[in-house]
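Okay, run.txt is below, compact mmCIF, C-alpha atoms:
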# COMPACT_ATOMS: atom_id res chain seq x y z
CA MET H 1 -6.53 39.11 -18.46
CA SER H 2 -8.59 36.46 -16.76
CA VAL H 3 -7.59 32.95 -15.78
CA HIS H 4 -9.54 30.04 -14.40
CA ILE H 5 -9.68 27.99 -11.23
CA GLU H 6 -11.49 24.75 -10.58
CA LEU H 7 -13.91 25.39 -7.70
CA LYS H 8 -15.17 22.39 -5.74
CA LEU H 9 -17.86 23.04 -3.14
CA PHE H 10 -18.74 20.17 -0.86
CA ALA H 11 -21.69 19.13 1.32
CA HIS H 12 -24.18 21.97 1.77
CA LEU H 13 -21.74 24.51 0.27
CA SER H 14 -22.54 23.04 -3.17
CA LYS H 15 -25.59 25.30 -3.36
CA TYR H 16 -23.22 28.27 -3.85
CA LEU H 17 -21.77 26.82 -7.05
CA PRO H 18 -22.21 29.50 -9.75
CA SER H 19 -24.35 28.75 -12.79
CA GLU H 20 -21.26 28.55 -15.04
CA GLY H 21 -20.12 25.52 -13.05
CA GLU H 22 -16.83 24.50 -11.46
CA ARG H 23 -14.58 26.26 -13.98
CA LEU H 24 -14.55 29.77 -12.63
CA SER H 25 -12.98 32.82 -14.22
CA ILE H 26 -10.86 34.97 -11.85
CA GLU H 27 -8.37 37.81 -12.07
CA PRO H 28 -4.80 36.67 -11.28
CA GLY H 29 -3.88 37.80 -7.77
CA GLN H 30 -7.40 37.57 -6.37
CA SER H 31 -7.64 36.13 -2.88
CA VAL H 32 -9.89 33.24 -1.91
CA ALA H 33 -12.02 35.75 0.04
CA GLU H 34 -12.52 37.87 -3.07
CA VAL H 35 -13.55 34.85 -5.11
CA LEU H 36 -16.01 33.77 -2.44
CA ASP H 37 -17.44 37.27 -2.39
CA THR H 38 -18.11 37.14 -6.13
CA ILE H 39 -20.08 33.90 -5.83
CA GLY H 40 -21.95 35.04 -2.70
CA LEU H 41 -20.50 32.43 -0.35
CA PRO H 42 -20.27 33.92 3.17
CA ALA H 43 -16.66 33.87 4.36
CA GLU H 44 -17.61 32.56 7.80
CA LYS H 45 -18.83 29.32 6.18
CA ALA H 46 -15.41 28.74 4.59
CA LYS H 47 -13.24 27.30 7.38
CA LEU H 48 -11.84 24.33 5.47
CA ILE H 49 -10.23 25.75 2.34
CA PHE H 50 -7.86 23.57 0.38
CA ILE H 51 -5.85 24.56 -2.64
CA ASN H 52 -4.26 21.80 -4.72
CA GLY H 53 -4.61 19.50 -1.70
CA ILE H 54 -3.02 21.85 0.84
CA LYS H 55 -4.99 23.74 3.43
CA GLY H 56 -5.26 27.42 2.60
CA THR H 57 -6.92 30.48 4.10
CA LEU H 58 -9.22 33.27 3.00
CA ASP H 59 -6.08 35.32 2.31
CA THR H 60 -4.45 32.79 -0.01
CA VAL H 61 -3.73 34.45 -3.35
CA LEU H 62 -4.79 32.61 -6.51
CA HIS H 63 -2.92 32.81 -9.80
CA GLY H 64 -5.13 30.62 -11.98
CA GLY H 65 -5.01 26.89 -12.59
CA GLU H 66 -5.59 26.00 -8.95
CA ARG H 67 -8.07 23.44 -7.70
CA VAL H 68 -9.87 25.20 -4.85
CA GLY H 69 -12.00 23.10 -2.50
CA LEU H 70 -14.30 24.31 0.25
CA PHE H 71 -15.63 21.91 2.85
CA PRO H 72 -17.89 22.88 5.73
CA PRO H 73 -16.82 21.80 9.22
CA VAL H 74 -19.08 19.01 10.47
CA ALA H 75 -19.34 17.72 14.01
CA GLY H 76 -22.02 15.04 13.98
CA GLY H 77 -21.63 11.46 14.99
CA MET O 78 3.34 -19.17 32.11
CA ASP O 79 0.91 -21.61 33.71
CA HIS O 80 2.05 -25.01 32.41
CA ALA O 81 -1.21 -26.79 33.27
CA LEU O 82 -3.23 -24.11 31.49
CA THR O 83 -1.03 -24.38 28.41
CA GLN O 84 -1.44 -28.16 28.41
CA ARG O 85 -5.22 -27.83 28.66
CA ILE O 86 -5.26 -25.42 25.72
CA LEU O 87 -2.99 -27.66 23.61
CA THR O 88 -5.22 -30.63 24.32
CA ALA O 89 -8.41 -28.73 23.44
CA ALA O 90 -7.05 -27.30 20.16
CA THR O 91 -8.28 -28.83 16.91
CA ASP O 92 -7.09 -28.69 13.31
CA SER O 93 -8.88 -26.32 10.96
CA GLU O 94 -8.23 -25.99 7.24
CA GLN O 95 -8.22 -22.38 6.10
CA PRO O 96 -9.50 -21.13 2.72
CA ASP O 97 -5.95 -21.08 1.31
CA GLY O 98 -5.43 -24.77 2.18
CA GLU O 99 -3.23 -24.17 5.24
CA THR O 100 -4.17 -26.23 8.29
CA VAL O 101 -3.83 -24.41 11.61
CA LYS O 102 -4.47 -25.34 15.24
CA VAL O 103 -7.52 -23.48 16.51
CA LEU O 104 -9.78 -22.96 19.52
CA GLU O 105 -13.48 -22.52 18.91
CA VAL O 106 -15.46 -19.88 20.84
CA ALA O 107 -17.20 -22.47 23.01
CA THR O 108 -13.87 -24.10 23.85
CA VAL O 109 -12.37 -20.75 24.89
CA ALA O 110 -15.38 -20.20 27.18
CA GLN O 111 -15.11 -23.70 28.69
CA LEU O 112 -11.36 -23.40 29.28
CA ALA O 113 -11.82 -19.99 30.95
CA ALA O 114 -14.54 -21.31 33.26
CA ARG O 115 -12.62 -24.48 34.10
CA SER O 116 -9.33 -22.69 34.69
CA GLN O 117 -10.91 -19.68 36.44
CA VAL O 118 -9.11 -17.19 34.21
CA SER O 119 -10.43 -14.65 31.74
CA ARG O 120 -11.20 -15.53 28.15
CA ARG O 121 -8.57 -12.97 27.24
CA THR O 122 -5.94 -14.97 29.15
CA ILE O 123 -7.02 -18.15 27.35
CA GLU O 124 -6.80 -16.53 23.91
CA ILE O 125 -3.45 -14.82 24.59
CA THR O 126 -1.96 -18.04 26.00
CA ALA O 127 -3.26 -19.98 23.00
CA LEU O 128 -1.75 -17.48 20.55
CA ARG O 129 1.59 -17.61 22.39
CA ASN O 130 1.55 -21.36 21.79
CA GLY O 131 0.78 -21.09 18.09
CA ILE O 132 -2.95 -21.73 18.43
CA LEU O 133 -5.41 -19.39 16.79
CA PRO O 134 -8.80 -18.58 18.34
CA LEU O 135 -10.96 -19.53 15.34
CA ARG O 136 -13.01 -16.35 15.69
CA TYR O 137 -9.96 -14.37 14.48
CA ALA O 138 -9.20 -16.68 11.52
CA ARG O 139 -10.13 -14.06 8.93
CA ASN O 140 -7.87 -11.49 10.62
CA PHE O 141 -4.98 -13.86 10.40
CA LYS O 142 -3.44 -13.15 6.99
CA THR O 143 -3.22 -9.44 7.84
CA TYR O 144 -2.70 -9.73 11.59
CA ASP O 145 -0.36 -12.51 12.63
CA ARG O 146 -0.38 -14.10 16.08
CA GLU O 147 1.85 -11.40 17.56
CA ASP O 148 -0.44 -8.69 16.16
CA GLN O 149 -3.50 -10.44 17.56
CA ILE O 150 -1.81 -10.67 20.98
CA THR O 151 -1.02 -6.94 20.78
CA LEU O 152 -4.69 -6.19 20.08
CA LEU O 153 -5.85 -8.44 22.93
CA GLU O 154 -3.44 -6.61 25.26
CA SER O 155 -4.59 -3.17 24.08
CA HIS O 156 -7.00 -0.78 25.75
CA VAL O 157 -8.94 1.76 23.67
CA ALA O 158 -11.50 4.33 24.82
CA VAL O 159 -14.47 5.12 22.60
CA VAL O 160 -15.96 8.47 23.61
CA GLY O 161 -19.46 8.94 22.26
CA LEU O 162 -21.49 5.80 21.55
CA GLY O 163 -23.85 7.00 18.85
CA GLY O 164 -23.37 6.46 15.14
CA LEU O 165 -19.58 6.65 15.05
CA GLY O 166 -19.01 5.07 18.47
CA GLY O 167 -21.44 2.22 17.89
CA ALA O 168 -19.71 1.15 14.70
CA VAL O 169 -16.20 1.77 16.10
CA SER O 170 -16.80 -0.24 19.27
CA GLU O 171 -18.44 -3.08 17.34
CA ALA O 172 -15.55 -3.35 14.85
CA LEU O 173 -12.92 -3.17 17.63
CA ALA O 174 -14.70 -5.94 19.54
CA ARG O 175 -14.97 -8.10 16.43
CA VAL O 176 -11.29 -7.65 15.54
CA GLY O 177 -10.33 -8.75 19.06
CA LEU O 178 -9.48 -5.66 21.09
CA GLY O 179 -8.78 -6.71 24.67
CA ARG O 180 -10.23 -3.78 26.62
CA LEU O 181 -12.74 -1.12 25.63
CA THR O 182 -13.67 1.86 27.76
CA LEU O 183 -17.10 3.05 26.59
CA VAL O 184 -18.13 6.62 27.44
CA ASP O 185 -21.51 8.26 26.86
CA GLY O 186 -23.93 9.95 29.27
CA ASP O 187 -26.88 9.74 26.87
CA THR O 188 -29.70 7.22 26.46
CA PHE O 189 -31.04 5.80 23.18
CA SER O 190 -33.90 7.61 21.42
CA ASP O 191 -35.99 6.89 18.32
CA HIS O 192 -33.92 9.27 16.16
CA ASN O 193 -30.78 7.19 16.89
CA LEU O 194 -32.23 4.13 15.14
CA ASN O 195 -31.22 5.28 11.64
CA ARG O 196 -27.50 4.84 12.28
CA GLN O 197 -26.41 3.81 15.78
CA ALA O 198 -25.21 0.21 15.83
CA HIS O 199 -26.09 -0.54 19.46
CA CYS O 200 -29.54 1.09 19.28
CA THR O 201 -32.46 -1.27 18.77
CA GLU O 202 -36.22 -0.97 19.20
CA THR O 203 -35.91 -2.88 22.47
CA ASN O 204 -33.35 -0.62 24.21
CA LEU O 205 -34.83 2.84 23.65
CA GLY O 206 -34.39 4.86 26.84
CA VAL O 207 -31.47 2.69 27.97
CA SER O 208 -27.98 4.09 28.72
CA LYS O 209 -25.84 4.00 25.57
CA ALA O 210 -22.79 2.94 27.59
CA ALA O 211 -24.64 0.06 29.27
CA ALA O 212 -26.26 -1.02 25.99
CA ALA O 213 -22.92 -0.94 24.18
CA ALA O 214 -21.30 -3.11 26.84
CA ASP O 215 -24.22 -5.56 26.73
CA ARG O 216 -24.13 -5.86 22.97
CA ILE O 217 -20.33 -6.20 22.80
CA ARG O 218 -20.60 -9.07 25.29
CA THR O 219 -22.81 -10.90 22.77
CA ILE O 220 -20.36 -10.18 19.91
CA ASN O 221 -17.05 -10.94 21.65
CA ALA O 222 -17.18 -11.76 25.33
CA THR O 223 -13.38 -11.82 25.37
CA THR O 224 -13.35 -8.03 25.02
CA GLU O 225 -13.49 -6.59 28.52
CA THR O 226 -15.71 -3.51 28.66
CA PHE O 227 -15.58 -0.56 31.06
CA PRO O 228 -18.79 1.42 30.54
CA HIS O 229 -19.08 5.00 31.85
CA ALA O 230 -22.63 6.36 31.65
CA ASP O 231 -21.33 9.92 31.94
CA TYR O 232 -20.22 12.55 29.48
CA LEU O 233 -16.47 13.07 29.34
CA THR O 234 -15.52 16.34 31.03
CA ALA O 235 -12.30 18.16 31.85
CA GLN O 236 -12.82 16.89 35.41
CA ASN O 237 -13.32 13.15 34.77
CA ALA O 238 -11.21 12.74 31.61
CA ALA O 239 -7.84 11.97 33.21
CA ALA O 240 -9.28 9.13 35.28
CA ILE O 241 -11.25 7.67 32.35
CA LEU O 242 -8.25 7.78 29.99
CA ALA O 243 -5.58 6.77 32.52
CA GLU O 244 -4.94 3.23 31.22
CA VAL O 245 -5.84 3.78 27.59
CA GLN O 246 -3.43 3.67 24.61
CA VAL O 247 -5.67 5.36 22.00
CA VAL O 248 -8.89 7.34 22.37
CA VAL O 249 -11.42 7.44 19.53
CA ASP O 250 -13.43 10.64 19.26
CA CYS O 251 -16.99 9.67 18.31
CA LEU O 252 -18.66 12.75 19.78
CA ASP O 253 -21.37 14.81 18.12
CA ASN O 254 -20.42 18.33 19.16
CA ILE O 255 -17.51 20.74 18.82
CA PRO O 256 -16.84 21.77 22.45
CA GLY O 257 -16.70 18.10 23.51
CA ARG O 258 -14.10 17.38 20.86
CA PHE O 259 -11.85 20.18 22.16
CA THR O 260 -12.27 18.94 25.74
CA LEU O 261 -11.33 15.42 24.65
CA ALA O 262 -8.34 16.61 22.60
CA GLU O 263 -7.00 18.56 25.56
CA ALA O 264 -7.48 15.56 27.86
CA ALA O 265 -5.83 13.14 25.42
CA GLY O 266 -2.91 15.53 25.02
CA ALA O 267 -2.55 15.85 28.80
CA VAL O 268 -2.53 12.06 29.22
CA GLY O 269 -0.14 11.79 26.25
CA ILE O 270 -2.14 9.51 23.95
CA PRO O 271 -3.20 9.87 20.30
CA MET O 272 -6.81 10.76 19.51
CA VAL O 273 -8.44 9.43 16.37
CA SER O 274 -11.22 11.82 15.41
CA ALA O 275 -14.01 11.74 12.86
CA ALA O 276 -17.12 13.83 12.36
CA VAL O 277 -20.00 13.66 9.93
CA GLY O 278 -22.79 15.83 8.56
CA GLY O 279 -25.25 14.81 5.86
CA GLU O 280 -23.27 12.65 3.43
CA ALA O 281 -19.91 14.21 4.30
CA GLY O 282 -17.27 13.59 6.93
CA HIS O 283 -13.72 14.34 7.98
CA LEU O 284 -11.04 12.25 9.70
CA LEU O 285 -8.02 13.31 11.74
CA VAL O 286 -5.41 11.77 13.98
CA ILE O 287 -4.32 14.17 16.70
CA PHE O 288 -1.06 13.42 18.45
CA PRO O 289 -0.20 15.08 21.78
CA GLY O 290 0.76 18.69 21.13
CA ASP O 291 -1.02 18.91 17.75
CA ARG O 292 -3.69 21.62 17.40
CA SER O 293 -5.46 20.05 14.44
CA LEU O 294 -9.01 20.74 15.62
CA GLU O 295 -8.42 24.46 15.24
CA GLN O 296 -7.61 23.88 11.56
CA ILE O 297 -11.20 22.72 11.12
CA TYR O 298 -13.29 24.53 13.66
CA GLY O 299 -11.32 27.72 14.18
CA PRO O 300 -9.68 29.06 17.33
CA PRO O 301 -10.82 27.90 20.77
CA GLN O 302 -12.57 31.20 21.56
CA ALA O 303 -14.94 30.64 18.62
CA ARG O 304 -15.82 27.08 19.50
CA ALA O 305 -18.45 27.53 22.19
CA ALA O 306 -20.99 29.00 19.78
CA ALA O 307 -19.89 26.97 16.78
CA LYS O 308 -22.11 24.34 15.26
CA GLY O 309 -21.24 21.95 12.47
CA ALA O 310 -23.15 21.52 9.24
CA GLU O 311 -24.87 18.39 10.60
CA THR O 312 -27.39 20.58 12.45
CA SER O 313 -28.95 21.33 9.07
CA LEU O 314 -27.85 18.21 7.18
CA GLY O 315 -28.63 15.42 9.63
CA CYS O 316 -26.47 12.25 9.83
CA LEU O 317 -26.92 9.35 7.43
CA PRO O 318 -25.99 5.76 8.28
CA HIS O 319 -23.67 5.00 5.37
CA ILE O 320 -21.36 7.99 5.87
CA VAL O 321 -21.36 7.46 9.64
CA THR O 322 -20.34 3.82 9.29
CA LEU O 323 -17.75 4.68 6.64
CA MET O 324 -16.09 7.36 8.77
CA ALA O 325 -16.28 5.10 11.85
CA ASN O 326 -14.39 2.38 10.05
CA LEU O 327 -11.77 4.85 8.83
CA GLU O 328 -11.29 5.64 12.53
CA VAL O 329 -10.96 1.93 13.27
CA ASN O 330 -8.28 1.64 10.57
CA GLU O 331 -6.21 4.46 12.07
CA THR O 332 -6.68 3.07 15.60
CA LEU O 333 -5.47 -0.39 14.60
CA ARG O 334 -2.53 1.01 12.63
CA ILE O 335 -1.40 2.99 15.68
CA LEU O 336 -1.82 0.06 18.08
CA LEU O 337 0.09 -2.29 15.76
CA GLY O 338 2.91 0.19 15.15
CA ARG O 339 2.10 0.45 11.45
CA GLY O 340 1.96 4.24 11.56
CA SER O 341 -0.82 6.67 10.74
CA GLY O 342 -0.65 8.42 7.41
CA LEU O 343 -2.60 11.33 8.81
CA ARG O 344 -0.10 13.27 10.90
CA GLY O 345 -0.41 16.88 9.72
CA ARG O 346 -3.15 15.89 7.32
CA MET O 347 -6.86 15.25 7.27
CA ARG O 348 -9.07 13.08 5.12
CA LEU O 349 -12.23 14.56 3.62
CA VAL O 350 -15.12 12.52 2.26
CA ASP O 351 -18.26 13.76 0.54
CA LEU O 352 -20.33 10.97 -0.95
CA ALA O 353 -22.64 13.41 -2.77
CA GLY O 354 -19.71 15.30 -4.31
CA GLY O 355 -17.61 12.22 -5.09
CA LEU O 356 -14.77 13.39 -2.83
CA PHE O 357 -12.14 11.23 -1.17
CA GLU O 358 -9.20 13.51 -0.53
CA THR O 359 -6.37 13.86 1.93
CA ILE O 360 -5.28 17.44 2.47
CA GLU O 361 -2.16 18.73 4.17
CA PHE O 362 -2.10 21.35 6.85
CA GLN O 363 0.30 24.22 6.28
CA GLY O 364 3.53 24.34 8.21
As structure tokens, what does this structure read like?
Amino acid sequence: MSVHIELKLFAHLSKYLPSEGERLSIEPGQSVAEVLDTIGLPAEKAKLIFINGIKGTLDTVLHGGERVGLFPPVAGG
Amino acid sequence: MDHALTQRILTAATDSEQPDGETVKVLEVATVAQLAARSQVSRRTIEITALRNGILPLRYARNFKTYDREDQITLLESHVAVVGLGGLGGAVSEALARVGLGRLTLVDGDTFSDHNLNRQAHCTETNLGVSKAAAAADRIRTINATTETFPHADYLTAQNAAAILAEVQVVVDCLDNIPGRFTLAEAAGAVGIPMVSAAVGGEAGHLLVIFPGDRSLEQIYGPPQARAAAKGAETSLGCLPHIVTLMANLEVNETLRILLGRGSGLRGRMRLVDLAGGLFETIEFQG
């Protein structure tokens, strides 16, 4: 059984958005790290992970229906 | 209170009708300058004394419906440090001077270069090669000479931070590198003051308010041991003027809210902005 998440990739991470777009099919119970692996986004680039507006981690388990955002750390001024 | 000074201010005040039809007693900029020179006190003293007597320095008239006279006095009695005087710091220091901040400590060891001209408010074609701290102080003097500036043409370090921040109520992080932000956060925590922090890269930025004891920077950049080698996305994305100015003014908003006791909505949270991705979101840290 597969479910979907909404994947939002910001700033230069947007280039990793899969061709099927933001609605991404996952297996329930997959971690954020596993999802990133399937789309080829290197885990070390994913420091700011937010799930339904709350900061998550690479280990956060997804059940489907979540809005998952990834934002690269920036430091310019 | 100096009775003669108060009398001089009351005599010099004029009536001014505001856009909503209310008539208020005001002091024009030139009058503030004349009164300060004649009375041998600072312009800040003139403006604070005027406000205490119900007279509004006309330059703050458009603040007035949001910031009443007590608020304006609080701002004139406040001292903020702006660390980093590039894109973020230029816009932050300009807005704080315009709103009527009393004292600004301005910290940057760098000088202006051509590649600063795309976004840095105090950088002009005529001050390339000049100290950013000195240029910022010069320009602020032309915007609001009431704001007293304390320029430091040095980078903030663990060694000089305590002295630079000693009399400051809020420090605004306008740096352009990760190690400097950690150094500043540690110094602000040691002095016991809040740090308003923003950073940009490309068309994206994030905003934080770090209160003493918070470890919010690690939520973004990872643990301290990883920070020395870490670089933000701006190294490949550059820094554009509109996102820099936007994030700078979000910092100004948080700074003013803290100074005026209106509370920051960002404790335990951060605000993310990506103009290309249409993102304005506040996320919560866990725990």
Need the neighbours of (0.5, -8.6, 19.1): which residues are at most 12 Å away, counting only C-alpha atoms, as a PDB file with C-alpha atoms, keeping the file's coordinate frame?
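Result saved to point_27.pdb:
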ATOM      1  CA  GLU O 124      -6.800 -16.530  23.910  1.00  0.00           C
ATOM      2  CA  ILE O 125      -3.450 -14.820  24.590  1.00  0.00           C
ATOM      3  CA  THR O 126      -1.960 -18.040  26.000  1.00  0.00           C
ATOM      4  CA  LEU O 128      -1.750 -17.480  20.550  1.00  0.00           C
ATOM      5  CA  ARG O 129       1.590 -17.610  22.390  1.00  0.00           C
ATOM      6  CA  PHE O 141      -4.980 -13.860  10.400  1.00  0.00           C
ATOM      7  CA  THR O 143      -3.220  -9.440   7.840  1.00  0.00           C
ATOM      8  CA  TYR O 144      -2.700  -9.730  11.590  1.00  0.00           C
ATOM      9  CA  ASP O 145      -0.360 -12.510  12.630  1.00  0.00           C
ATOM     10  CA  ARG O 146      -0.380 -14.100  16.080  1.00  0.00           C
ATOM     11  CA  GLU O 147       1.850 -11.400  17.560  1.00  0.00           C
ATOM     12  CA  ASP O 148      -0.440  -8.690  16.160  1.00  0.00           C
ATOM     13  CA  GLN O 149      -3.500 -10.440  17.560  1.00  0.00           C
ATOM     14  CA  ILE O 150      -1.810 -10.670  20.980  1.00  0.00           C
ATOM     15  CA  THR O 151      -1.020  -6.940  20.780  1.00  0.00           C
ATOM     16  CA  LEU O 152      -4.690  -6.190  20.080  1.00  0.00           C
ATOM     17  CA  LEU O 153      -5.850  -8.440  22.930  1.00  0.00           C
ATOM     18  CA  GLU O 154      -3.440  -6.610  25.260  1.00  0.00           C
ATOM     19  CA  SER O 155      -4.590  -3.170  24.080  1.00  0.00           C
ATOM     20  CA  GLY O 177     -10.330  -8.750  19.060  1.00  0.00           C
ATOM     21  CA  LEU O 178      -9.480  -5.660  21.090  1.00  0.00           C
ATOM     22  CA  GLY O 179      -8.780  -6.710  24.670  1.00  0.00           C
ATOM     23  CA  LEU O 333      -5.470  -0.390  14.600  1.00  0.00           C
ATOM     24  CA  ARG O 334      -2.530   1.010  12.630  1.00  0.00           C
ATOM     25  CA  LEU O 336      -1.820   0.060  18.080  1.00  0.00           C
ATOM     26  CA  LEU O 337       0.090  -2.290  15.760  1.00  0.00           C
ATOM     27  CA  GLY O 338       2.910   0.190  15.150  1.00  0.00           C
ATOM     28  CA  ARG O 339       2.100   0.450  11.450  1.00  0.00           C
TER      29      ARG O 339
END
Could you tell me which residues of chain H sit within 7 Å of chain O when counting only C-alpha atoms, and give me the result as a PDB file with C-alpha atoms, in the frame of the given file?
ATOM      1  CA  PHE H  10     -18.740  20.170  -0.860  1.00  0.00           C
ATOM      2  CA  ALA H  11     -21.690  19.130   1.320  1.00  0.00           C
ATOM      3  CA  LYS H  47     -13.240  27.300   7.380  1.00  0.00           C
ATOM      4  CA  LEU H  48     -11.840  24.330   5.470  1.00  0.00           C
ATOM      5  CA  PHE H  50      -7.860  23.570   0.380  1.00  0.00           C
ATOM      6  CA  GLY H  53      -4.610  19.500  -1.700  1.00  0.00           C
ATOM      7  CA  ILE H  54      -3.020  21.850   0.840  1.00  0.00           C
ATOM      8  CA  LYS H  55      -4.990  23.740   3.430  1.00  0.00           C
ATOM      9  CA  PRO H  72     -17.890  22.880   5.730  1.00  0.00           C
ATOM     10  CA  PRO H  73     -16.820  21.800   9.220  1.00  0.00           C
ATOM     11  CA  VAL H  74     -19.080  19.010  10.470  1.00  0.00           C
ATOM     12  CA  ALA H  75     -19.340  17.720  14.010  1.00  0.00           C
ATOM     13  CA  GLY H  76     -22.020  15.040  13.980  1.00  0.00           C
ATOM     14  CA  GLY H  77     -21.630  11.460  14.990  1.00  0.00           C
TER      15      GLY H  77
END
For range 102-115 of chain O: contacts at 6 Å, all atoms listed in the file, fewer than 5 positions along chain excluded, given as a compact mmCIF listing (two decimals) with C-alpha atoms, in the frame of the given file:
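The resulting result_0.txt:
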# COMPACT_ATOMS: atom_id res chain seq x y z
CA ALA O 90 -7.05 -27.30 20.16
CA THR O 91 -8.28 -28.83 16.91
CA ASP O 92 -7.09 -28.69 13.31
CA ARG O 120 -11.20 -15.53 28.15
CA ILE O 132 -2.95 -21.73 18.43
CA LEU O 133 -5.41 -19.39 16.79
CA PRO O 134 -8.80 -18.58 18.34
CA LEU O 135 -10.96 -19.53 15.34
Original post:
Pick from H:Leu41, H:Ala46, H:Ser2, H:Val32: nearest to Asp59 in chain H, with all atoms listed in the file counted?
Top reply: H:Val32
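The space separating CA of Tyr232 in chain O from CA of Val184 in chain O comes to 6.6 Å.
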Subject >> Nearest to Phe71 in chain H, chosen from H:Leu58, H:Leu13, H:Leu7, H:Ile26, with all atoms listed in the file counted in the distances >> reply: H:Leu13
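CA of Met1 in chain H is found 19.1 Å from CA of Arg67 in chain H.
You will find CA of Asn193 in chain O at 22.7 Å from CA of Thr234 in chain O.
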May I have the residues within 9 Å of Ala239 in chain O as a PDB file with C-alpha atoms, in the coordinates of the input, using only C-alpha atoms and disregarding those fewer than 6 positions away in the same chain?
ATOM      1  CA  ALA O 264      -7.480  15.560  27.860  1.00  0.00           C
ATOM      2  CA  ALA O 265      -5.830  13.140  25.420  1.00  0.00           C
ATOM      3  CA  ALA O 267      -2.550  15.850  28.800  1.00  0.00           C
ATOM      4  CA  VAL O 268      -2.530  12.060  29.220  1.00  0.00           C
TER       5      VAL O 268
END
Report as a short mmCIF file (atom, residue, chain, number, x, y, z; two decimals) with C-alpha atoms, in the coordinates of the input all protein, DNA and RNA residues lying within 10 Å of Pro42 in chain H, evaluated on all atoms listed in the file, omitting residues in the same chain fewer than 6 positions from it.
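After the write, result11.cif holds the following:
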data_model
loop_
_atom_site.label_atom_id
_atom_site.label_comp_id
_atom_site.auth_asym_id
_atom_site.auth_seq_id
_atom_site.Cartn_x
_atom_site.Cartn_y
_atom_site.Cartn_z
CA LEU H 13 -21.74 24.51 0.27
CA TYR H 16 -23.22 28.27 -3.85
CA ALA H 33 -12.02 35.75 0.04
CA LEU H 36 -16.01 33.77 -2.44
#
**OP:** Please provide as a VMD selection string all residues within 9 Å of range 18-22 of chain H, with the sequence filter that same-chain residues fewer than 2 positions apart are discarded (counting only C-alpha atoms).
**Re:** chain H and resid 5 to 9 15 to 16 24 39 to 40
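Distances from O:Ala213, O:Ala262, O:Ala158, O:Ala198 to His319 in chain O were compared using all atoms listed in the file, and the smallest one belongs to O:Ala198.
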Residues near Pro28 in chain H, anyone? I mean within 12 Å using all atoms listed in the file, not counting same-chain ones fewer than 2 positions away, as an mmCIF file with C-alpha atoms, in the coordinates of the input.
data_model
loop_
_atom_site.group_PDB
_atom_site.id
_atom_site.type_symbol
_atom_site.label_atom_id
_atom_site.label_comp_id
_atom_site.auth_asym_id
_atom_site.auth_seq_id
_atom_site.Cartn_x
_atom_site.Cartn_y
_atom_site.Cartn_z
ATOM 1 C CA MET H 1 -6.530 39.110 -18.460
ATOM 2 C CA SER H 2 -8.590 36.460 -16.760
ATOM 3 C CA VAL H 3 -7.590 32.950 -15.780
ATOM 4 C CA HIS H 4 -9.540 30.040 -14.400
ATOM 5 C CA ILE H 5 -9.680 27.990 -11.230
ATOM 6 C CA SER H 25 -12.980 32.820 -14.220
ATOM 7 C CA ILE H 26 -10.860 34.970 -11.850
ATOM 8 C CA GLN H 30 -7.400 37.570 -6.370
ATOM 9 C CA SER H 31 -7.640 36.130 -2.880
ATOM 10 C CA VAL H 32 -9.890 33.240 -1.910
ATOM 11 C CA GLU H 34 -12.520 37.870 -3.070
ATOM 12 C CA VAL H 35 -13.550 34.850 -5.110
ATOM 13 C CA THR H 60 -4.450 32.790 -0.010
ATOM 14 C CA VAL H 61 -3.730 34.450 -3.350
ATOM 15 C CA LEU H 62 -4.790 32.610 -6.510
ATOM 16 C CA HIS H 63 -2.920 32.810 -9.800
ATOM 17 C CA GLY H 64 -5.130 30.620 -11.980
ATOM 18 C CA GLY H 65 -5.010 26.890 -12.590
ATOM 19 C CA GLU H 66 -5.590 26.000 -8.950
#
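Between Leu173 in chain O and the candidates O:Asn195, O:Thr226, O:Thr188, O:Gln117, the tightest atom-to-atom separation, counting only C-alpha atoms, involves O:Thr226.
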When you get a chance, write out N, CA, C and O atoms for range 80-85 of chain O, as a PDB file, in the frame of the given file.
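Once everything was written out, this is part.pdb:
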ATOM      1  N   HIS O  80       1.825 -23.829  33.238  1.00  0.00           N
ATOM      2  CA  HIS O  80       2.050 -25.010  32.410  1.00  0.00           C
ATOM      3  C   HIS O  80       0.774 -25.836  32.250  1.00  0.00           C
ATOM      4  O   HIS O  80       0.456 -26.319  31.154  1.00  0.00           O
ATOM      5  N   ALA O  81       0.018 -25.984  33.335  1.00  0.00           N
ATOM      6  CA  ALA O  81      -1.210 -26.790  33.270  1.00  0.00           C
ATOM      7  C   ALA O  81      -2.220 -26.160  32.316  1.00  0.00           C
ATOM      8  O   ALA O  81      -2.890 -26.854  31.540  1.00  0.00           O
ATOM      9  N   LEU O  82      -2.299 -24.822  32.385  1.00  0.00           N
ATOM     10  CA  LEU O  82      -3.230 -24.110  31.490  1.00  0.00           C
ATOM     11  C   LEU O  82      -2.824 -24.318  30.037  1.00  0.00           C
ATOM     12  O   LEU O  82      -3.659 -24.619  29.176  1.00  0.00           O
ATOM     13  N   THR O  83      -1.524 -24.187  29.775  1.00  0.00           N
ATOM     14  CA  THR O  83      -1.030 -24.380  28.410  1.00  0.00           C
ATOM     15  C   THR O  83      -1.359 -25.798  27.923  1.00  0.00           C
ATOM     16  O   THR O  83      -1.811 -25.985  26.795  1.00  0.00           O
ATOM     17  N   GLN O  84      -1.147 -26.771  28.786  1.00  0.00           N
ATOM     18  CA  GLN O  84      -1.440 -28.160  28.410  1.00  0.00           C
ATOM     19  C   GLN O  84      -2.918 -28.341  28.077  1.00  0.00           C
ATOM     20  O   GLN O  84      -3.278 -29.021  27.113  1.00  0.00           O
ATOM     21  N   ARG O  85      -3.773 -27.728  28.889  1.00  0.00           N
ATOM     22  CA  ARG O  85      -5.220 -27.830  28.660  1.00  0.00           C
ATOM     23  C   ARG O  85      -5.593 -27.226  27.298  1.00  0.00           C
ATOM     24  O   ARG O  85      -6.403 -27.770  26.567  1.00  0.00           O
TER      25      ARG O  85
END
